[in-house]
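Below is my_file_33.pdb, which holds PDB, C-alpha atoms.
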```
ATOM      1  CA  MET K   1       0.000   0.000   0.000
ATOM      2  CA  SER K   2       1.445   3.418  -0.891
ATOM      3  CA  LYS K   3       1.861   6.175   1.627
ATOM      4  CA  LYS K   4      -1.034   8.044   0.086
ATOM      5  CA  THR K   5      -3.565   5.281   0.497
ATOM      6  CA  ARG K   6      -2.568   4.181   3.986
ATOM      7  CA  THR K   7      -5.055   5.027   6.704
ATOM      8  CA  VAL K   8      -4.482   5.569  10.390
ATOM      9  CA  GLU K   9      -6.818   5.732  13.330
ATOM     10  CA  ILE K  10      -6.262   8.847  15.414
ATOM     11  CA  PRO K  11      -8.197   9.509  18.639
ATOM     12  CA  VAL K  12     -10.636  12.385  18.344
ATOM     13  CA  SER K  13      -9.132  13.888  21.524
ATOM     14  CA  SER K  14      -5.747  14.175  19.791
ATOM     15  CA  LEU K  15      -7.311  15.937  16.832
ATOM     16  CA  GLU K  16      -9.182  18.227  19.213
ATOM     17  CA  ALA K  17      -5.904  19.069  20.935
ATOM     18  CA  LEU K  18      -4.402  19.961  17.563
ATOM     19  CA  ALA K  19      -7.419  22.118  16.717
ATOM     20  CA  LEU K  20      -7.125  23.835  20.099
ATOM     21  CA  PHE K  21      -3.457  24.565  19.420
ATOM     22  CA  LEU K  22      -4.366  26.059  16.034
ATOM     23  CA  VAL K  23      -7.094  28.355  17.330
ATOM     24  CA  ALA K  24      -5.000  29.439  20.334
ATOM     25  CA  SER K  25      -2.166  30.206  17.912
ATOM     26  CA  ALA K  26      -4.515  32.192  15.679
ATOM     27  CA  GLU K  27      -5.631  34.274  18.645
ATOM     28  CA  GLY K  28      -2.085  34.893  19.815
ATOM     29  CA  LEU K  29      -0.785  35.885  16.397
ATOM     30  CA  PHE K  30      -2.810  39.099  16.399
ATOM     31  CA  GLN K  31      -0.347  40.488  18.917
ATOM     32  CA  GLU K  32       2.776  38.416  18.459
ATOM     33  CA  PRO K  33       5.757  39.165  16.213
ATOM     34  CA  ARG K  34       5.148  38.622  12.496
ATOM     35  CA  GLU K  35       7.615  35.732  12.213
ATOM     36  CA  TYR K  36       5.696  33.771  14.838
ATOM     37  CA  GLY K  37       3.140  32.997  12.103
ATOM     38  CA  PRO K  38       5.460  30.632  10.207
ATOM     39  CA  LEU K  39       6.791  29.384  13.538
ATOM     40  CA  ARG K  40       3.340  28.266  14.677
ATOM     41  CA  LEU K  41       2.670  26.557  11.351
ATOM     42  CA  LEU K  42       5.893  24.588  11.676
ATOM     43  CA  GLN K  43       4.926  23.626  15.224
ATOM     44  CA  GLY K  44       1.707  22.352  13.646
ATOM     45  CA  VAL K  45       3.791  20.105  11.390
ATOM     46  CA  THR K  46       5.613  18.599  14.361
ATOM     47  CA  ARG K  47       2.263  18.010  16.084
ATOM     48  CA  VAL K  48       0.942  16.200  13.016
ATOM     49  CA  SER K  49       4.058  14.040  13.061
ATOM     50  CA  ARG K  50       3.489  13.233  16.750
ATOM     51  CA  LEU K  51      -0.073  12.180  15.939
ATOM     52  CA  LEU K  52       1.355   9.482  13.699
ATOM     53  CA  GLU K  53       3.839   8.202  16.280
ATOM     54  CA  GLY K  54       3.100   4.587  17.080
ATOM     55  CA  ARG K  55       0.352   4.476  14.468
ATOM     56  CA  ALA K  56       2.116   4.743  11.146
ATOM     57  CA  SER K  57       5.753   4.849  10.210
ATOM     58  CA  HIS K  58       6.572   7.952   8.198
ATOM     59  CA  PRO K  59      10.351   8.362   8.290
ATOM     60  CA  PHE K  60      10.354  11.515   6.166
ATOM     61  CA  LEU K  61       7.832  13.339   8.348
ATOM     62  CA  GLU K  62       9.540  12.134  11.526
ATOM     63  CA  ALA K  63      12.916  13.360  10.269
ATOM     64  CA  LYS K  64      11.499  16.727   9.249
ATOM     65  CA  ALA K  65       9.683  17.127  12.574
ATOM     66  CA  GLN K  66      12.945  16.476  14.362
ATOM     67  CA  GLU K  67      14.716  18.975  12.112
ATOM     68  CA  ILE K  68      12.042  21.562  12.894
ATOM     69  CA  ASP K  69      12.377  20.896  16.626
ATOM     70  CA  GLU K  70      16.124  21.322  16.433
ATOM     71  CA  ASN K  71      15.963  24.545  14.431
ATOM     72  CA  ILE K  72      12.812  26.201  15.677
ATOM     73  CA  GLU K  73      14.615  28.629  17.922
ATOM     74  CA  ILE K  74      16.379  30.287  14.981
ATOM     75  CA  VAL K  75      13.240  32.381  14.665
ATOM     76  CA  MET K  76      14.366  34.274  17.770
ATOM     77  CA  GLU K  77      17.922  34.728  16.556
ATOM     78  CA  ASP K  78      18.139  35.166  12.787
ATOM     79  CA  GLU K  79      15.104  35.886  10.638
ATOM     80  CA  ASP K  80      17.001  35.398   7.352
ATOM     81  CA  ALA K  81      18.260  31.983   8.455
ATOM     82  CA  PHE K  82      14.727  31.097   9.515
ATOM     83  CA  ARG K  83      13.383  32.076   6.087
ATOM     84  CA  ARG K  84      16.015  29.922   4.382
ATOM     85  CA  PHE K  85      15.168  27.043   6.684
ATOM     86  CA  VAL K  86      11.456  27.302   5.848
ATOM     87  CA  SER K  87      12.167  27.518   2.115
ATOM     88  CA  GLY K  88      14.360  24.418   2.375
ATOM     89  CA  LEU K  89      11.530  22.585   4.082
ATOM     90  CA  VAL K  90       9.155  23.475   1.257
ATOM     91  CA  VAL K  91      11.581  22.018  -1.282
ATOM     92  CA  ASP K  92      12.059  18.842   0.780
ATOM     93  CA  PHE K  93       8.323  18.341   1.345
ATOM     94  CA  THR K  94       7.614  18.981  -2.326
ATOM     95  CA  ARG K  95      10.156  16.360  -3.415
ATOM     96  CA  ASP K  96       8.778  13.840  -0.933
ATOM     97  CA  THR K  97       5.215  14.486  -2.065
ATOM     98  CA  ILE K  98       6.083  14.118  -5.740
ATOM     99  CA  GLN K  99       8.053  10.908  -5.112
ATOM    100  CA  ASN K 100       5.042   9.406  -3.368
ATOM    101  CA  GLU K 101       2.618  10.125  -6.155
TER     102      GLU K 101
ATOM    103  CA  MET G   1      27.337  40.309  65.194
ATOM    104  CA  LYS G   2      23.989  38.652  65.727
ATOM    105  CA  ALA G   3      23.499  35.161  64.404
ATOM    106  CA  ALA G   4      20.935  34.631  61.664
ATOM    107  CA  ARG G   5      17.530  33.917  63.134
ATOM    108  CA  GLU G   6      14.455  32.477  61.561
ATOM    109  CA  ARG G   7      11.177  33.962  62.730
ATOM    110  CA  SER G   8       8.251  31.741  63.548
ATOM    111  CA  ASP G   9       6.624  32.672  60.224
ATOM    112  CA  GLY G  10       9.664  31.429  58.357
ATOM    113  CA  ALA G  11      10.957  34.893  57.539
ATOM    114  CA  ILE G  12      14.677  35.504  57.613
ATOM    115  CA  PRO G  13      15.738  38.660  59.461
ATOM    116  CA  ALA G  14      16.690  41.690  57.374
ATOM    117  CA  ARG G  15      20.211  41.892  56.024
ATOM    118  CA  HIS G  16      21.599  44.144  58.738
ATOM    119  CA  ASP G  17      20.839  41.425  61.285
ATOM    120  CA  ARG G  18      22.599  38.704  59.369
ATOM    121  CA  PRO G  19      26.250  37.811  59.241
ATOM    122  CA  LYS G  20      27.871  39.009  56.034
ATOM    123  CA  GLU G  21      28.698  36.231  53.641
ATOM    124  CA  PRO G  22      30.583  37.704  50.695
ATOM    125  CA  ASP G  23      30.444  34.451  48.765
ATOM    126  CA  GLN G  24      26.661  34.599  48.691
ATOM    127  CA  ALA G  25      26.672  37.444  46.196
ATOM    128  CA  GLU G  26      29.038  35.582  43.902
ATOM    129  CA  GLN G  27      26.977  32.409  44.216
ATOM    130  CA  LEU G  28      23.804  34.307  43.432
ATOM    131  CA  LEU G  29      25.316  35.942  40.361
ATOM    132  CA  ALA G  30      26.649  32.569  39.204
ATOM    133  CA  LEU G  31      23.150  31.092  39.558
ATOM    134  CA  ILE G  32      21.605  34.018  37.677
ATOM    135  CA  LYS G  33      24.102  33.562  34.860
ATOM    136  CA  ALA G  34      23.691  29.787  34.779
ATOM    137  CA  ARG G  35      19.884  29.890  34.528
ATOM    138  CA  ARG G  36      18.560  29.099  31.062
ATOM    139  CA  SER G  37      15.169  28.938  29.435
ATOM    140  CA  VAL G  38      14.737  25.177  29.199
ATOM    141  CA  ARG G  39      12.038  24.124  26.743
ATOM    142  CA  ARG G  40      12.617  20.384  26.564
ATOM    143  CA  PHE G  41      11.973  18.032  29.428
ATOM    144  CA  THR G  42      12.295  14.391  30.401
ATOM    145  CA  THR G  43       9.385  12.413  31.850
ATOM    146  CA  GLU G  44      11.115  12.185  35.231
ATOM    147  CA  PRO G  45       8.776  13.634  37.870
ATOM    148  CA  VAL G  46       9.141  16.871  39.797
ATOM    149  CA  THR G  47       8.867  16.122  43.505
ATOM    150  CA  GLU G  48       6.337  17.677  45.869
ATOM    151  CA  ARG G  49       9.254  19.102  47.821
ATOM    152  CA  GLN G  50      10.559  20.820  44.696
ATOM    153  CA  ILE G  51       7.111  22.234  43.904
ATOM    154  CA  GLY G  52       6.852  23.493  47.481
ATOM    155  CA  PHE G  53      10.283  25.099  47.184
ATOM    156  CA  LEU G  54       9.262  26.966  44.017
ATOM    157  CA  LEU G  55       6.080  28.278  45.635
ATOM    158  CA  GLU G  56       7.932  29.264  48.793
ATOM    159  CA  ALA G  57      10.395  31.232  46.681
ATOM    160  CA  ALA G  58       7.495  32.903  44.868
ATOM    161  CA  ARG G  59       5.872  33.823  48.178
ATOM    162  CA  TRP G  60       9.007  35.671  49.291
ATOM    163  CA  ALA G  61       9.386  37.784  46.163
ATOM    164  CA  PRO G  62       9.452  41.574  46.541
ATOM    165  CA  THR G  63       5.851  42.721  46.896
ATOM    166  CA  THR G  64       3.565  45.314  48.394
ATOM    167  CA  PHE G  65       0.147  43.679  48.215
ATOM    168  CA  GLN G  66       0.814  40.005  47.443
ATOM    169  CA  CYS G  67      -1.797  40.280  44.719
ATOM    170  CA  TRP G  68      -0.586  37.064  43.105
ATOM    171  CA  GLN G  69      -2.151  33.650  42.778
ATOM    172  CA  PHE G  70      -0.332  30.574  41.484
ATOM    173  CA  VAL G  71      -2.088  27.623  39.893
ATOM    174  CA  VAL G  72       0.053  24.504  39.606
ATOM    175  CA  VAL G  73      -1.284  22.376  36.761
ATOM    176  CA  ASP G  74      -0.121  18.760  36.698
ATOM    177  CA  ASP G  75      -3.381  16.885  36.132
ATOM    178  CA  GLU G  76      -2.952  14.862  32.944
ATOM    179  CA  SER G  77      -5.945  16.184  31.006
ATOM    180  CA  LEU G  78      -5.749  19.768  32.278
ATOM    181  CA  LEU G  79      -2.042  19.883  31.492
ATOM    182  CA  ALA G  80      -2.764  18.644  27.968
ATOM    183  CA  ALA G  81      -5.338  21.407  27.517
ATOM    184  CA  VAL G  82      -2.961  24.086  28.832
ATOM    185  CA  ILE G  83      -0.210  22.852  26.510
ATOM    186  CA  SER G  84      -2.557  23.027  23.512
ATOM    187  CA  LEU G  85      -3.556  26.546  24.544
ATOM    188  CA  ALA G  86       0.025  27.701  24.938
ATOM    189  CA  PRO G  87       1.837  27.623  21.595
ATOM    190  CA  GLY G  88       4.912  28.916  23.422
ATOM    191  CA  ILE G  89       5.317  25.509  25.065
ATOM    192  CA  LEU G  90       7.378  23.470  22.630
ATOM    193  CA  GLU G  91       7.476  20.193  24.533
ATOM    194  CA  ARG G  92       5.408  18.648  27.289
ATOM    195  CA  PRO G  93       6.651  19.777  30.710
ATOM    196  CA  THR G  94       5.821  17.900  33.921
ATOM    197  CA  LEU G  95       3.801  20.814  35.189
ATOM    198  CA  VAL G  96       2.871  24.371  34.384
ATOM    199  CA  ILE G  97       2.605  27.142  36.956
ATOM    200  CA  VAL G  98      -0.021  29.653  35.891
ATOM    201  CA  VAL G  99       0.953  32.994  37.413
ATOM    202  CA  CYS G 100      -2.084  35.196  37.982
ATOM    203  CA  ALA G 101      -2.807  38.574  39.507
ATOM    204  CA  ASP G 102      -5.864  39.014  41.692
ATOM    205  CA  MET G 103      -7.356  42.159  40.196
ATOM    206  CA  ASN G 104      -9.806  42.442  43.112
ATOM    207  CA  VAL G 105      -6.853  43.410  45.290
ATOM    208  CA  ILE G 106      -5.873  46.014  42.731
ATOM    209  CA  SER G 107      -9.345  47.561  42.593
ATOM    210  CA  VAL G 108     -10.058  47.384  46.331
ATOM    211  CA  LYS G 109      -6.763  49.051  47.175
ATOM    212  CA  ASN G 110      -7.139  51.456  44.247
ATOM    213  CA  ILE G 111      -3.650  50.640  43.016
ATOM    214  CA  TYR G 112      -2.306  51.398  39.567
ATOM    215  CA  PRO G 113      -2.749  48.132  37.596
ATOM    216  CA  GLU G 114       0.876  47.976  36.443
ATOM    217  CA  LEU G 115       1.798  47.088  40.009
ATOM    218  CA  ALA G 116       0.157  43.715  39.523
ATOM    219  CA  TYR G 117       2.561  42.999  36.647
ATOM    220  CA  GLN G 118       5.508  44.078  38.756
ATOM    221  CA  GLU G 119       4.519  41.740  41.552
ATOM    222  CA  THR G 120       3.919  38.706  39.357
ATOM    223  CA  ALA G 121       7.190  39.430  37.535
ATOM    224  CA  THR G 122       9.232  39.384  40.728
ATOM    225  CA  ALA G 123       7.560  36.146  41.800
ATOM    226  CA  THR G 124       8.184  34.625  38.366
ATOM    227  CA  GLN G 125      11.867  35.482  38.551
ATOM    228  CA  ASN G 126      12.106  33.857  41.976
ATOM    229  CA  ILE G 127      10.495  30.689  40.628
ATOM    230  CA  LEU G 128      12.813  30.581  37.615
ATOM    231  CA  LEU G 129      15.945  31.088  39.710
ATOM    232  CA  SER G 130      14.813  28.546  42.284
ATOM    233  CA  ALA G 131      14.125  26.018  39.556
ATOM    234  CA  ALA G 132      17.677  26.528  38.302
ATOM    235  CA  ALA G 133      19.028  26.115  41.835
ATOM    236  CA  LEU G 134      17.114  22.837  42.163
ATOM    237  CA  GLY G 135      18.469  21.544  38.873
ATOM    238  CA  LEU G 136      15.033  21.738  37.263
ATOM    239  CA  GLY G 137      14.347  23.079  33.791
ATOM    240  CA  ALA G 138      11.911  25.959  33.518
ATOM    241  CA  CYS G 139      10.810  28.449  30.934
ATOM    242  CA  PHE G 140       8.807  31.643  31.072
ATOM    243  CA  ILE G 141       5.954  31.328  28.573
ATOM    244  CA  GLY G 142       4.410  34.453  27.072
ATOM    245  CA  SER G 143       2.475  32.901  24.161
ATOM    246  CA  PHE G 144      -0.801  31.488  25.427
ATOM    247  CA  SER G 145      -4.514  32.096  25.273
ATOM    248  CA  LYS G 146      -5.646  33.862  28.445
ATOM    249  CA  ALA G 147      -9.318  33.219  27.721
ATOM    250  CA  GLY G 148      -8.715  29.576  26.847
ATOM    251  CA  ILE G 149      -6.653  28.771  29.924
ATOM    252  CA  ALA G 150      -9.011  30.670  32.227
ATOM    253  CA  THR G 151     -11.842  28.566  30.816
ATOM    254  CA  ALA G 152      -9.944  25.280  31.081
ATOM    255  CA  LEU G 153      -8.952  25.942  34.708
ATOM    256  CA  ASN G 154     -12.267  27.527  35.667
ATOM    257  CA  LEU G 155     -10.535  30.661  36.928
ATOM    258  CA  PRO G 156     -12.744  33.386  38.383
ATOM    259  CA  PRO G 157     -12.836  36.661  36.427
ATOM    260  CA  ASN G 158     -10.791  38.523  39.042
ATOM    261  CA  LEU G 159      -7.755  36.350  38.323
ATOM    262  CA  GLU G 160      -5.830  37.728  35.374
ATOM    263  CA  ILE G 161      -3.224  35.391  33.929
ATOM    264  CA  HIS G 162       0.111  37.154  33.475
ATOM    265  CA  ASN G 163       2.368  34.333  32.415
ATOM    266  CA  LEU G 164       2.997  30.607  32.506
ATOM    267  CA  ILE G 165       6.079  28.780  33.710
ATOM    268  CA  ALA G 166       6.758  25.361  32.209
ATOM    269  CA  VAL G 167       8.657  23.170  34.692
ATOM    270  CA  GLY G 168      10.218  19.733  34.438
ATOM    271  CA  GLN G 169      13.449  17.808  34.577
ATOM    272  CA  PRO G 170      15.686  19.267  31.865
ATOM    273  CA  ALA G 171      16.348  17.326  28.663
ATOM    274  CA  GLU G 172      18.612  20.024  27.255
ATOM    275  CA  ALA G 173      21.307  22.397  28.408
ATOM    276  CA  PRO G 174      21.006  25.480  26.223
ATOM    277  CA  GLU G 175      24.050  27.660  25.672
ATOM    278  CA  ALA G 176      24.176  31.123  27.148
ATOM    279  CA  PRO G 177      22.701  33.721  24.802
ATOM    280  CA  LEU G 178      24.589  36.922  24.092
ATOM    281  CA  ARG G 179      23.958  39.812  26.444
ATOM    282  CA  LYS G 180      24.463  43.481  25.693
ATOM    283  CA  PRO G 181      27.434  44.979  27.550
ATOM    284  CA  ILE G 182      26.686  47.070  30.631
ATOM    285  CA  ALA G 183      27.990  50.200  28.880
ATOM    286  CA  GLU G 184      25.256  49.811  26.285
ATOM    287  CA  ILE G 185      22.354  49.346  28.672
ATOM    288  CA  ALA G 186      23.214  51.421  31.721
ATOM    289  CA  VAL G 187      24.207  54.994  32.423
ATOM    290  CA  ARG G 188      25.062  56.762  35.591
ATOM    291  CA  ASN G 189      22.874  59.739  36.514
ATOM    292  CA  ILE G 190      21.941  61.094  33.104
ATOM    293  CA  LEU G 191      21.621  59.720  29.581
TER     294      LEU G 191
END
```

Reformat the file's structure so that it appears as structure tokens.
Amino acid sequence: MSKKTRTVEIPVSSLEALALFLVASAEGLFQEPREYGPLRLLQGVTRVSRLLEGRASHPFLEAKAQEIDENIEIVMEDEDAFRRFVSGLVVDFTRDTIQNE
Amino acid sequence: MKAARERSDGAIPARHDRPKEPDQAEQLLALIKARRSVRRFTTEPVTERQIGFLLEAARWAPTTFQCWQFVVVDDESLLAAVISLAPGILERPTLVIVVCADMNVISVKNIYPELAYQETATATQNILLSAAALGLGACFIGSFSKAGIATALNLPPNLEIHNLIAVGQPAEAPEAPLRKPIAEIAVRNIL
């Protein structure tokens, strides 16, 4: 079965927790620094990866979530480096998505 | 010189009554410099004694009206809700201390509201330094939903949440960030 057609069972409570994180982030972003927008979205990616833990193996997503975790604090230190990091992620995710089609 | 005494309420006598210990200042500065914002934690528990120590340190922060209230959240489901509502928390801590100001005190005493922030800030600093002294990891969290957390914890409207402190056993040892030199941030007498 390809990655695209695999299904996983995720508890509703976990999805609710993710939704809660997203709406709380949306509320906070009205007053937080501009670059926190992309930061919160990347945190969302790591949360999606955690939802799959123990349910479905997805080495690419796990590796990227770890990379995000390890680099997430650049947002506080170097906005240009953070932008480059995000752009690199887009390229990597695009390649992975295309390969899986 | 009088020996240090502890009053029945646990208070330590004022400095002029205590023996001078020059090393204390150096030790305090070393602790201040060694403290880090720790955002990643192990699953090892925080003991009741450690929690009590943090709250005791908070209680003895500089204050005029003690208009603070601390909510220690370690219940599994409530902690999960608080974490979801606080995007500033990157990884699950063992507990979160919700630092609130009791705005009833502010209105009854007719105090300027900024004082509440000053009081909760001094208490927060005491908690963070004490956590470092205990070998715990802790991080001041500014990104969270006040309305969401107040709802989750059923806080009364007079309690205004000022910040959160994530606490746990540290799973990282962050490097010291750069600090501006004193000459850049301080002047003597006039700018």

Residues of region 10-74 of chain G at most 10 Å from region 146-167 of chain G: nearest atom pair and distance in Å, all atoms listed in the file, as a Markdown table:
```
| residue | atom | partner | partner_atom | distance |
| --- | --- | --- | --- | --- |
| G:Ser37 | CA | G:Ala166 | CA | 9.6 |
| G:Val38 | CA | G:Val167 | CA | 8.4 |
| G:Arg39 | CA | G:Ala166 | CA | 7.7 |
| G:Arg40 | CA | G:Val167 | CA | 9.5 |
| G:Phe41 | CA | G:Val167 | CA | 8.1 |
| G:Val46 | CA | G:Val167 | CA | 8.1 |
| G:Ile51 | CA | G:Val167 | CA | 9.4 |
| G:Cys67 | CA | G:Leu159 | CA | 9.6 |
| G:Trp68 | CA | G:Leu159 | CA | 8.6 |
| G:Gln69 | CA | G:Leu159 | CA | 7.7 |
| G:Phe70 | CA | G:Ile161 | CA | 9.4 |
| G:Val71 | CA | G:Leu153 | CA | 8.8 |
| G:Val72 | CA | G:Ile165 | CA | 9.5 |
| G:Val73 | CA | G:Leu153 | CA | 8.7 |
```

Would you mind listing, as a PDB file with C-alpha atoms, in the coordinates of the input, all residues of chain K that have at least one atom within 10 Å of chain G, where only C-alpha atoms are what counts?
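Result file follows (selection00.pdb):
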```pdb
ATOM      1  CA  SER K  14      -5.747  14.175  19.791  1.00  0.00           C
ATOM      2  CA  GLU K  16      -9.182  18.227  19.213  1.00  0.00           C
ATOM      3  CA  ALA K  17      -5.904  19.069  20.935  1.00  0.00           C
ATOM      4  CA  LEU K  18      -4.402  19.961  17.563  1.00  0.00           C
ATOM      5  CA  ALA K  19      -7.419  22.118  16.717  1.00  0.00           C
ATOM      6  CA  LEU K  20      -7.125  23.835  20.099  1.00  0.00           C
ATOM      7  CA  PHE K  21      -3.457  24.565  19.420  1.00  0.00           C
ATOM      8  CA  LEU K  22      -4.366  26.059  16.034  1.00  0.00           C
ATOM      9  CA  VAL K  23      -7.094  28.355  17.330  1.00  0.00           C
ATOM     10  CA  ALA K  24      -5.000  29.439  20.334  1.00  0.00           C
ATOM     11  CA  SER K  25      -2.166  30.206  17.912  1.00  0.00           C
ATOM     12  CA  ALA K  26      -4.515  32.192  15.679  1.00  0.00           C
ATOM     13  CA  GLU K  27      -5.631  34.274  18.645  1.00  0.00           C
ATOM     14  CA  GLY K  28      -2.085  34.893  19.815  1.00  0.00           C
ATOM     15  CA  LEU K  29      -0.785  35.885  16.397  1.00  0.00           C
ATOM     16  CA  GLN K  31      -0.347  40.488  18.917  1.00  0.00           C
ATOM     17  CA  GLU K  32       2.776  38.416  18.459  1.00  0.00           C
ATOM     18  CA  TYR K  36       5.696  33.771  14.838  1.00  0.00           C
ATOM     19  CA  LEU K  39       6.791  29.384  13.538  1.00  0.00           C
ATOM     20  CA  ARG K  40       3.340  28.266  14.677  1.00  0.00           C
ATOM     21  CA  GLN K  43       4.926  23.626  15.224  1.00  0.00           C
ATOM     22  CA  GLY K  44       1.707  22.352  13.646  1.00  0.00           C
ATOM     23  CA  THR K  46       5.613  18.599  14.361  1.00  0.00           C
ATOM     24  CA  ARG K  47       2.263  18.010  16.084  1.00  0.00           C
ATOM     25  CA  ASP K  69      12.377  20.896  16.626  1.00  0.00           C
ATOM     26  CA  ILE K  72      12.812  26.201  15.677  1.00  0.00           C
ATOM     27  CA  GLU K  77      17.922  34.728  16.556  1.00  0.00           C
TER      28      GLU K  77
END
```

**OP:** Check what the PyMOL selection byres ((chain G and resi 117-131) around 8) selects in the file above and give those residues as a PyMOL selection string.
**Re:** chain G and resi 31-32+35+53-55+57-64+66-68+99-101+113-116+132-140+162+165+167

Original post:
Between CA of Val90 (chain K) and CA of Arg34 (chain K), what is the distance, to one decimal in Å?
Top reply: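 Value for the CA of Val90 (chain K)-CA of Arg34 (chain K) distance: 19.3 Å.
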
Give the padded box for region 33-49 of chain K as AutoDock Vina command-line options: axis-aligned, covering all atoms listed in the file, 6 Å on each side, centre and edge lengths in Å to one decimal.
```
--center_x 4.3 --center_y 26.6 --center_z 13.2 --size_x 18.7 --size_y 37.1 --size_z 18.0
```

Subject >> Two-atom distance - CA of Leu79 (chain G), CA of Val96 (chain G) (Å) >> reply: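 About the pair CA of Leu79 (chain G) and CA of Val96 (chain G): they are 7.3 Å apart.
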
Subject >> Length of the CA of Ser77 (chain G) to CA of Leu41 (chain K) vector [Å] >> reply: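 Computing the Euclidean distance for CA of Ser77 (chain G) and CA of Leu41 (chain K) yields 23.8 Å.
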
**OP:** Counting all atoms listed in the file, figure out which residue out of K:Gly37, K:Phe85, K:Val8, K:Thr94 gets nearest to Glu67 (chain K).
**Re:** K:Phe85

Original post:
If we count only C-alpha atoms, what is near Phe93 (chain K) at a cut-off of 10 Å, once residues fewer than 5 positions away on the same chain are taken out, given as a ChimeraX atom specification?
Top reply: /K:60-61,64,87-88,98-99

Quick one: write out the picked residues with C-alpha atoms as an mmCIF file, in the coordinates of the input?
```
data_model
loop_
_atom_site.group_PDB
_atom_site.id
_atom_site.type_symbol
_atom_site.label_atom_id
_atom_site.label_comp_id
_atom_site.auth_asym_id
_atom_site.auth_seq_id
_atom_site.Cartn_x
_atom_site.Cartn_y
_atom_site.Cartn_z
ATOM 1 C CA PHE K 60 10.354 11.515 6.166
ATOM 2 C CA LEU K 61 7.832 13.339 8.348
ATOM 3 C CA LYS K 64 11.499 16.727 9.249
ATOM 4 C CA SER K 87 12.167 27.518 2.115
ATOM 5 C CA GLY K 88 14.360 24.418 2.375
ATOM 6 C CA ILE K 98 6.083 14.118 -5.740
ATOM 7 C CA GLN K 99 8.053 10.908 -5.112
#
```
